[in-house]
Each structure stands twice: as C-alpha cells, then as structure tokens.
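Q: Attaching a single structure in structure tokens format; questions to follow.
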Amino acid sequence: MASGYYPAGAEHDPNAPYNQCDPPEVEVELTMTETLTKTVPHYTNKVWCVYDEEGYGSWESDGFDPNEEWTQNYWTLEQTLQLALDEITAVRAEAERQQRQLEEHYGVRHNTIPGYFHPTEFEVKRRQHLSDAMDRVRHLKALEDALKDWEYEDREVEFNV
C-alpha cells in the first residue's frame, strides 16, 4: 500500500518529477555592454558655416577633431566613473567610521543590533540609529561595487549640425 497519494509504485521512482532535484548552481561570467550618449554644446572657432548661391549652408572646418575636442574639454565616462568611485569610497569609509563610533557609544558589537522583548523608547531609538548606520554603509558599498571593474572599449564623438 503506497502512502502520500502517489500513483502505485511511483512514490520512490527517481524519474518522477516530484523526486527530481534542481541542478547545482555554477558560476558563469556575464559581459554587459551598454551604449550611452551625451550631447553637449561646444563652442569653437574651428568650424564655420558656408552658404552656396542658392542659400543652403554647410559646415566646414579647419582641423576640427571631435574626439580631440572632447578629450581636451570634457571628462570621459571612464574618468567620471573613477572620480565617482573615489568619492563614494571616501564617503563609505567615513560612514563606517561613524558606524563604529555609534556602536562604541551604545556599547554593542560591530554590525549587531540588540533585540529586546519589550523595548523601551531609548532601545527603539538605539536600534533605529544602528540600523540606519548599517543600511547607509551597505548602500554605499553597493554603489562602490557597481562603479568598479568597468572597462573602456570604445568612444565615438560626432560633430552634430
């Protein structure tokens, strides 16, 4: 007599779907490519408009290289990400220092929030302060991780009329 309302002889069948297990997780690498564009006003005396006899204008230039102009006058995305990473790293380090000070002030171990059965108003406030400090550090670490390990591949700067 079978138990568990399985079909006869199927309860311990390794081929039955309810006796199957998920394959083990494996680590794979993902490469994500995004394309971002940015248009900025740029002033130069190396480009001018020439009109023909019918009144149509076209742009001409004398040694105007959009890539060179961008490199000389603006931050590349790679530079911007690195500057943001440096800034976030400094802010995270300060947030961690403040968290440790708060933990010392309240007399708790690092990254722990004491629990109480019937907390007083002080204990509720203390738990909230510690939780907010830990959340801030976690948030800054996540931002820091998101800004790391980007690789520069290609940049194309076009002259728009």
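Within each chain, counting starts at residue 1; across the structure tokens, chains are named A, B, ... in the order shown, with ligands numbered 1 upward in that order.
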Among chain A, which residues does DSSP mark as strand (DSSP E) when it is run on the backbone? Keep the chain and numbering as in the structure and answer as a list of chain:residue names.
A: A:Val47, A:Trp48, A:Cys49, A:Val50, A:Tyr51, A:Gly57, A:Ser58, A:Trp59, A:Glu60, A:Ser61
Q: Set the distance at 12 Å and use only C-alpha atoms: which residues neighbour range 140-145 of chain A once local chain neighbours fewer than 3 positions away are removed? I'd like the list as a list of chain:residue names.
A: A:Leu81, A:Gln82, A:Leu83, A:Ala84, A:Leu85, A:Asp86, A:Glu87, A:Ile88, A:Thr89, A:Ala90, A:Val91, A:Arg92, A:Ala93, A:Glu94, A:Ala95, A:Glu96, A:Ala133, A:Met134, A:Asp135, A:Arg136, A:Val137, A:Lys148, A:Asp149, A:Trp150
